[in-house]
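Containing PDB, C-alpha atoms: entry-v8.pdb.
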MODEL        1
ATOM      1  CA  GLU X 165       9.023  19.100   6.834
ATOM      2  CA  PRO X 166       6.252  18.448   9.373
ATOM      3  CA  GLU X 167       5.720  14.810  10.222
ATOM      4  CA  VAL X 168       3.565  12.553  12.335
ATOM      5  CA  THR X 169       5.450  10.910  15.182
ATOM      6  CA  GLN X 170       4.503   7.860  17.238
ATOM      7  CA  THR X 171       5.739   6.383  20.485
ATOM      8  CA  PRO X 172       6.799   3.811  21.398
ATOM      9  CA  SER X 173       8.174   2.235  18.234
ATOM     10  CA  HIS X 174       7.768  -1.223  19.758
ATOM     11  CA  GLN X 175       5.739  -2.482  22.684
ATOM     12  CA  VAL X 176       5.510  -5.966  24.156
ATOM     13  CA  THR X 177       2.714  -6.662  26.611
ATOM     14  CA  GLN X 178       0.985  -9.534  28.304
ATOM     15  CA  MET X 179      -2.511 -10.571  27.273
ATOM     16  CA  GLY X 180      -5.093  -8.729  29.335
ATOM     17  CA  GLN X 181      -2.910  -5.706  29.974
ATOM     18  CA  GLU X 182      -3.803  -2.188  28.960
ATOM     19  CA  VAL X 183      -1.658  -0.374  26.409
ATOM     20  CA  ILE X 184      -1.643   3.234  25.289
ATOM     21  CA  LEU X 185      -0.158   4.113  21.928
ATOM     22  CA  ARG X 186       0.777   7.723  21.426
ATOM     23  CA  CYS X 187       0.844   9.932  18.380
ATOM     24  CA  VAL X 188       1.703  13.541  17.704
ATOM     25  CA  PRO X 189      -0.101  14.579  14.507
ATOM     26  CA  ILE X 190       1.050  17.396  12.247
ATOM     27  CA  SER X 191       0.397  20.570  14.179
ATOM     28  CA  ASN X 192      -2.174  22.327  11.984
ATOM     29  CA  HIS X 193      -4.107  19.186  11.098
ATOM     30  CA  LEU X 194      -7.601  18.677  12.432
ATOM     31  CA  TYR X 195      -8.442  15.120  11.425
ATOM     32  CA  PHE X 196      -6.824  12.102  12.997
ATOM     33  CA  TYR X 197      -6.907   8.412  12.264
ATOM     34  CA  TRP X 198      -5.707   5.074  13.538
ATOM     35  CA  TYR X 199      -5.040   2.160  11.216
ATOM     36  CA  ARG X 200      -3.421  -1.178  11.874
ATOM     37  CA  GLN X 201      -1.711  -3.912   9.889
ATOM     38  CA  ILE X 202      -1.641  -7.448  11.176
ATOM     39  CA  LEU X 203       1.411  -9.210   9.786
ATOM     40  CA  GLY X 204       0.780 -10.412   6.253
ATOM     41  CA  GLN X 205      -2.558  -8.656   5.969
ATOM     42  CA  LYS X 206      -3.819  -5.347   4.600
ATOM     43  CA  VAL X 207      -3.608  -2.059   6.428
ATOM     44  CA  GLU X 208      -7.092  -1.633   7.895
ATOM     45  CA  PHE X 209      -8.943   1.373   9.225
ATOM     46  CA  LEU X 210      -9.788   1.541  12.912
ATOM     47  CA  VAL X 211     -11.136   4.992  13.706
ATOM     48  CA  SER X 212     -11.256   8.613  12.618
ATOM     49  CA  PHE X 213     -11.475  11.552  15.012
ATOM     50  CA  TYR X 214     -12.381  15.195  14.609
ATOM     51  CA  ASN X 215     -13.336  17.974  16.982
ATOM     52  CA  ASN X 216     -12.830  15.740  19.996
ATOM     53  CA  GLU X 217     -15.263  13.150  18.728
ATOM     54  CA  ILE X 218     -15.081   9.881  16.865
ATOM     55  CA  SER X 219     -16.210  10.501  13.282
ATOM     56  CA  GLU X 220     -16.293   6.896  12.249
ATOM     57  CA  LYS X 221     -15.098   3.553  13.545
ATOM     58  CA  SER X 222     -14.726   0.126  12.040
ATOM     59  CA  GLU X 223     -16.082  -3.162  13.354
ATOM     60  CA  ILE X 224     -12.644  -3.851  14.818
ATOM     61  CA  PHE X 225     -12.914  -0.799  17.070
ATOM     62  CA  ASP X 226     -14.985  -2.365  19.814
ATOM     63  CA  ASP X 227     -15.399  -1.412  23.463
ATOM     64  CA  GLN X 228     -11.841  -2.469  24.207
ATOM     65  CA  PHE X 229     -10.545   0.429  22.144
ATOM     66  CA  SER X 230     -10.723   4.125  22.875
ATOM     67  CA  VAL X 231      -9.121   7.266  21.494
ATOM     68  CA  GLU X 232      -8.406  10.559  23.116
ATOM     69  CA  ARG X 233      -6.822  13.885  22.407
ATOM     70  CA  PRO X 234      -5.749  14.764  25.951
ATOM     71  CA  ASP X 235      -4.072  18.030  25.016
ATOM     72  CA  GLY X 236      -3.427  20.156  21.972
ATOM     73  CA  SER X 237      -0.794  17.911  20.498
ATOM     74  CA  ASN X 238      -1.183  14.246  21.435
ATOM     75  CA  PHE X 239      -3.631  11.706  20.054
ATOM     76  CA  THR X 240      -3.767   8.351  21.824
ATOM     77  CA  LEU X 241      -5.172   4.899  21.197
ATOM     78  CA  LYS X 242      -5.898   2.798  24.265
ATOM     79  CA  ILE X 243      -6.540  -0.912  24.248
ATOM     80  CA  ARG X 244      -8.033  -1.807  27.634
ATOM     81  CA  SER X 245      -7.435  -5.533  27.767
ATOM     82  CA  THR X 246      -5.159  -6.729  25.018
ATOM     83  CA  LYS X 247      -5.740  -9.989  23.192
ATOM     84  CA  LEU X 248      -3.264 -12.054  21.199
ATOM     85  CA  GLU X 249      -5.007 -10.989  17.980
ATOM     86  CA  ASP X 250      -4.293  -7.317  18.754
ATOM     87  CA  SER X 251      -0.673  -7.927  17.800
ATOM     88  CA  ALA X 252      -0.102  -5.658  14.818
ATOM     89  CA  MET X 253       1.586  -2.515  13.562
ATOM     90  CA  TYR X 254      -0.546   0.460  14.570
ATOM     91  CA  PHE X 255      -0.368   3.585  12.429
ATOM     92  CA  CYS X 256      -1.541   7.045  13.314
ATOM     93  CA  ALA X 257      -2.363   9.471  10.495
ATOM     94  CA  SER X 258      -3.533  13.053  10.229
ATOM     95  CA  SER X 259      -4.922  15.310   7.530
ATOM     96  CA  GLY X 260      -5.894  18.932   7.095
ATOM     97  CA  ASN X 261      -9.427  18.050   6.091
ATOM     98  CA  THR X 262     -11.449  15.056   4.986
ATOM     99  CA  ALA X 263     -11.685  15.925   1.309
ATOM    100  CA  PHE X 264     -11.074  12.849  -0.821
ATOM    101  CA  GLN X 265      -8.059  14.399  -2.479
ATOM    102  CA  GLU X 266      -6.470  15.322   0.828
ATOM    103  CA  THR X 267      -3.405  13.310   1.747
ATOM    104  CA  GLN X 268      -3.415  11.451   5.026
ATOM    105  CA  TYR X 269       0.075  11.652   6.516
ATOM    106  CA  PHE X 270       1.169   8.566   8.377
ATOM    107  CA  GLY X 271       3.478   8.078  11.311
ATOM    108  CA  PRO X 272       6.119   5.314  11.365
ATOM    109  CA  GLY X 273       3.913   3.008  13.422
ATOM    110  CA  THR X 274       4.051   1.207  16.756
ATOM    111  CA  ARG X 275       4.623  -2.510  16.572
ATOM    112  CA  LEU X 276       2.564  -4.127  19.330
ATOM    113  CA  LEU X 277       3.212  -7.699  20.379
ATOM    114  CA  VAL X 278       0.783  -9.329  22.784
ATOM    115  CA  LEU X 279       2.079 -12.464  24.516
TER     116      LEU X 279
ATOM    117  CA  ILE M 246     -16.980  -5.051   1.347
ATOM    118  CA  LEU M 247     -14.668  -2.901  -0.747
ATOM    119  CA  ASN M 248     -11.844  -4.996  -2.163
ATOM    120  CA  VAL M 249      -8.629  -3.374  -3.336
ATOM    121  CA  GLU M 250      -6.225  -5.761  -5.018
ATOM    122  CA  GLN M 251      -2.582  -5.233  -5.854
ATOM    123  CA  SER M 252      -0.384  -7.345  -8.063
ATOM    124  CA  PRO M 253       2.133  -8.801  -8.124
ATOM    125  CA  GLN M 254       2.580  -9.407  -4.392
ATOM    126  CA  SER M 255       6.347  -9.044  -4.646
ATOM    127  CA  LEU M 256       8.829  -8.202  -7.307
ATOM    128  CA  HIS M 257      12.588  -8.663  -7.558
ATOM    129  CA  VAL M 258      14.316  -6.672 -10.276
ATOM    130  CA  GLN M 259      17.817  -5.717 -11.276
ATOM    131  CA  GLU M 260      19.032  -2.147 -10.916
ATOM    132  CA  GLY M 261      18.165  -0.273 -14.091
ATOM    133  CA  ASP M 262      15.089  -2.362 -14.912
ATOM    134  CA  SER M 263      11.799  -0.592 -15.299
ATOM    135  CA  THR M 264       8.824  -2.071 -13.545
ATOM    136  CA  ASN M 265       5.121  -1.557 -13.050
ATOM    137  CA  PHE M 266       2.475  -2.555 -10.554
ATOM    138  CA  THR M 267      -1.298  -2.766 -10.711
ATOM    139  CA  CYS M 268      -3.938  -1.663  -8.243
ATOM    140  CA  SER M 269      -7.511  -2.828  -8.959
ATOM    141  CA  PHE M 270     -10.602  -1.510  -7.254
ATOM    142  CA  PRO M 271     -14.377  -1.420  -7.694
ATOM    143  CA  SER M 272     -15.207   1.458 -10.023
ATOM    144  CA  SER M 273     -18.477   2.346  -8.321
ATOM    145  CA  ASN M 274     -18.434   5.105  -5.672
ATOM    146  CA  PHE M 275     -14.837   5.932  -6.514
ATOM    147  CA  TYR M 276     -13.543   9.289  -5.333
ATOM    148  CA  ALA M 277      -9.759   9.047  -5.157
ATOM    149  CA  LEU M 278      -6.820   6.674  -5.227
ATOM    150  CA  HIS M 279      -3.769   7.246  -3.066
ATOM    151  CA  TRP M 280      -0.368   5.661  -3.676
ATOM    152  CA  TYR M 281       2.058   5.342  -0.783
ATOM    153  CA  ARG M 282       5.641   4.166  -0.583
ATOM    154  CA  TRP M 283       6.594   2.436   2.655
ATOM    155  CA  GLU M 284      10.159   1.669   3.621
ATOM    156  CA  THR M 285      10.773  -0.533   6.638
ATOM    157  CA  ALA M 286      10.935   1.389   9.924
ATOM    158  CA  LYS M 287       9.771   4.597   8.233
ATOM    159  CA  SER M 288       6.417   6.302   7.763
ATOM    160  CA  PRO M 289       4.459   5.435   4.636
ATOM    161  CA  GLU M 290       5.195   8.306   2.278
ATOM    162  CA  ALA M 291       2.453   9.742   0.107
ATOM    163  CA  LEU M 292       3.355   9.531  -3.593
ATOM    164  CA  PHE M 293       0.236  10.487  -5.525
ATOM    165  CA  VAL M 294      -3.417  11.295  -5.090
ATOM    166  CA  MET M 295      -5.394  10.591  -8.246
ATOM    167  CA  THR M 296      -9.019  11.435  -8.806
ATOM    168  CA  LEU M 297      -9.926  11.787 -12.477
ATOM    169  CA  ASN M 298     -10.192   9.115 -15.145
ATOM    170  CA  GLY M 299      -7.112   9.369 -17.321
ATOM    171  CA  ASP M 300      -5.076  11.121 -14.634
ATOM    172  CA  GLU M 301      -1.330  10.767 -15.015
ATOM    173  CA  LYS M 302       1.026  11.853 -12.270
ATOM    174  CA  LYS M 303       4.817  11.868 -12.201
ATOM    175  CA  LYS M 304       7.437  12.303  -9.473
ATOM    176  CA  GLY M 305      10.987  11.813 -10.700
ATOM    177  CA  ARG M 306      11.274   8.282 -12.093
ATOM    178  CA  ILE M 307       7.913   7.222 -10.679
ATOM    179  CA  SER M 308       4.658   7.788 -12.520
ATOM    180  CA  ALA M 309       1.089   6.583 -12.197
ATOM    181  CA  THR M 310      -2.025   6.375 -14.321
ATOM    182  CA  LEU M 311      -5.656   5.980 -13.392
ATOM    183  CA  ASN M 312      -8.611   4.338 -15.141
ATOM    184  CA  THR M 313     -11.730   4.819 -13.053
ATOM    185  CA  LYS M 314     -14.089   3.262 -15.588
ATOM    186  CA  GLU M 315     -12.407  -0.122 -15.471
ATOM    187  CA  GLY M 316     -11.133   0.281 -11.941
ATOM    188  CA  TYR M 317      -7.353   0.146 -12.048
ATOM    189  CA  SER M 318      -4.218   2.197 -11.598
ATOM    190  CA  TYR M 319      -0.690   1.470 -12.770
ATOM    191  CA  LEU M 320       2.443   2.616 -10.964
ATOM    192  CA  TYR M 321       5.609   2.702 -13.091
ATOM    193  CA  ILE M 322       9.179   2.982 -11.937
ATOM    194  CA  LYS M 323      11.651   3.786 -14.678
ATOM    195  CA  GLY M 324      15.241   2.593 -14.227
ATOM    196  CA  SER M 325      14.792   1.079 -10.742
ATOM    197  CA  GLN M 326      17.441   1.891  -8.153
ATOM    198  CA  PRO M 327      18.196   0.022  -4.907
ATOM    199  CA  GLU M 328      16.696   2.937  -2.969
ATOM    200  CA  ASP M 329      13.353   2.205  -4.662
ATOM    201  CA  SER M 330      13.162  -1.007  -2.622
ATOM    202  CA  ALA M 331      10.035  -0.607  -0.524
ATOM    203  CA  THR M 332       6.422  -1.686  -0.232
ATOM    204  CA  TYR M 333       4.063   0.253  -2.489
ATOM    205  CA  LEU M 334       0.542   0.607  -1.161
ATOM    206  CA  CYS M 335      -2.547   1.808  -2.937
ATOM    207  CA  ALA M 336      -5.657   2.922  -1.092
ATOM    208  CA  ILE M 337      -9.092   3.962  -2.204
ATOM    209  CA  TYR M 338     -11.264   6.730  -0.865
ATOM    210  CA  THR M 339     -14.912   6.096  -1.639
ATOM    211  CA  GLY M 340     -16.225   9.311  -0.168
ATOM    212  CA  ALA M 341     -18.740   7.529   2.007
ATOM    213  CA  ASN M 342     -16.550   8.385   4.927
ATOM    214  CA  SER M 343     -13.063   9.598   5.646
ATOM    215  CA  LYS M 344     -11.283   6.277   5.665
ATOM    216  CA  LEU M 345      -8.797   4.815   3.219
ATOM    217  CA  THR M 346      -9.221   1.194   2.139
ATOM    218  CA  PHE M 347      -5.865  -0.350   1.349
ATOM    219  CA  GLY M 348      -4.585  -3.077  -0.882
ATOM    220  CA  LYS M 349      -2.108  -5.572   0.495
ATOM    221  CA  GLY M 350       0.872  -3.792  -0.991
ATOM    222  CA  ILE M 351       3.583  -4.800  -3.433
ATOM    223  CA  THR M 352       7.076  -5.372  -2.085
ATOM    224  CA  LEU M 353       9.770  -4.318  -4.536
ATOM    225  CA  SER M 354      13.354  -5.414  -4.126
ATOM    226  CA  VAL M 355      15.955  -3.892  -6.447
ATOM    227  CA  ARG M 356      19.271  -5.717  -6.680
ATOM    228  CA  PRO M 357      22.401  -3.593  -7.280
TER     229      PRO M 357
ENDMDL
END

Transcribe the structure of this file into structure tokens.
Amino acid sequence: EPEVTQTPSHQVTQMGQEVILRCVPISNHLYFYWYRQILGQKVEFLVSFYNNEISEKSEIFDDQFSVERPDGSNFTLKIRSTKLEDSAMYFCASSGNTAFQETQYFGPGTRLLVL
Amino acid sequence: ILNVEQSPQSLHVQEGDSTNFTCSFPSSNFYALHWYRWETAKSPEALFVMTLNGDEKKKGRISATLNTKEGYSYLYIKGSQPEDSATYLCAIYTGANSKLTFGKGITLSVRP
């Protein structure tokens, strides 16, 4: 069964460093998302992406964040200068379309720890 | 701000017990409710997508109902097994955009 994959599974970085989180969405999906969950809090939406453009972004997704689809398979989230409060589990998701009844398929997440 | 609430926060049951969880959400601008099951170190797994008032969905021993008028959904697990131990997440799609708004999740632990 097709699945969303993410690398790395864990990443530890120093405050101020840049990190790139990688995702391979399901191959025939066209819509891509990043969510994150800070420990003990709700999973929260960061950004959605379609046709090589950001469709929507949350207030969290400030200038320190960027997304890219560098080739036909990968979808990346870059944090330019990490802060302590960026420590969280980051989930990538993909879907075939944006219809409300369409399932978003999630990857297993990357746990980011900023020291 | 859209607030999705789940209760209880955690649940410990004995193998064979049946259990149920609640997801509450604002009934205005509702389009769909998604239930996910998330086991540690795995991807959240989609269980159900529910859209219509009165919807009932079933997958094996797990079933769910939806009341859009009063803004809640119940998830039932009949005869819990240790492999049902996971966090169960509900998320709402309001149609204003493509994002899911999640509740905090309910962590179920089933003792053998």

Would you list the contacts of Tyr338 in chain M as a PyMOL selection string, taking every protein, DNA or RNA residue within 9 Å and counting only C-alpha atoms, but skipping same-chain residues closer than 6 positions in sequence? (chain X and resi 264-265) or (chain M and resi 274-279+344-346)

* Contact set, chain M to chain X: 8 Å, all atoms listed in the file, as a PyMOL selection string -> chain M and resi 276-277+279+286-291+294-296+338-340+342-350

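Every protein, DNA or RNA residue with an atom at most 8 Å from Ile322 in chain M, where all atoms listed in the file count and chain neighbours fewer than 4 positions away do not, is listed here: Ser263, Thr264, Asn265, Arg306, Ile307 and Ser308 of chain M.
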
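Shortest separation to Leu276 in chain X among X:Ser258, X:Asn192, X:Asn238, X:Gln178 occurs at residue X:Gln178, atoms counted being only C-alpha atoms.
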
- Task: Determine the residue membership of the PyMOL selection byres ((chain M and resi 327) around 12) for the file above and supply it as a PyMOL selection string.
- Result: chain M and resi 257-262+284+322+324-326+328-331+353-357

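Residues of protein, DNA and RNA with at least one atom no farther than 7 Å from (-7.3, -4.8, 29.1) are, using all atoms listed in the file, Gly180, Gln181, Glu182, Ile243, Arg244, Ser245 and Thr246 of chain X.
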
Neighbouring residues of Leu241 in chain X were defined as those with any atom within 7 Å, considering all atoms listed in the file; residues of the same chain fewer than 3 positions away were excluded. Please report them as a ChimeraX atom specification. /X:184-186,230-232

Just C-alpha atoms for this one: save the residues we selected as a compact mmCIF listing (two decimals), in the frame of the given file.
# COMPACT_ATOMS: atom_id res chain seq x y z
CA ILE X 184 -1.64 3.23 25.29
CA LEU X 185 -0.16 4.11 21.93
CA ARG X 186 0.78 7.72 21.43
CA SER X 230 -10.72 4.12 22.88
CA VAL X 231 -9.12 7.27 21.49
CA GLU X 232 -8.41 10.56 23.12

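The closest residue to Cys268 in chain M, picked from M:Gln251, M:Phe293, M:Lys304, M:Glu315 and counting all atoms listed in the file, is M:Gln251.
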
Once the PyMOL selection byres ((chain M and resi 272) around 6) has been evaluated on this model, what residues remain selected, and can you format them as a PyMOL selection string? chain M and resi 271+273+275+313-314+316

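Separating CA of Tyr254 in chain X from CA of Gln228 in chain X is a distance of 15.1 Å.
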
Quick one: what's the axis-aligned box for range 199-218 of chain X, all listed atoms, 4 Å on every side, centre and edges in Å to one decimal, as AutoDock Vina command-line options?
--center_x -6.9 --center_y 3.8 --center_z 12.3 --size_x 24.7 --size_y 36.4 --size_z 23.4

Using all atoms listed in the file, the shortest atom-to-atom distance to Trp280 in chain M among M:Lys302, M:Ala309, M:Leu292, M:Ser252 belongs to M:Leu292

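Applied to this file, the PyMOL selection byres ((chain M and resi 247) around 9) selects Ile246, Asn248, Val249, Phe270, Pro271, Ile337 and Thr346 of chain M.
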
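Distance-wise, CA of Tyr321 in chain M and CA of Trp283 in chain M end up 15.8 Å apart.
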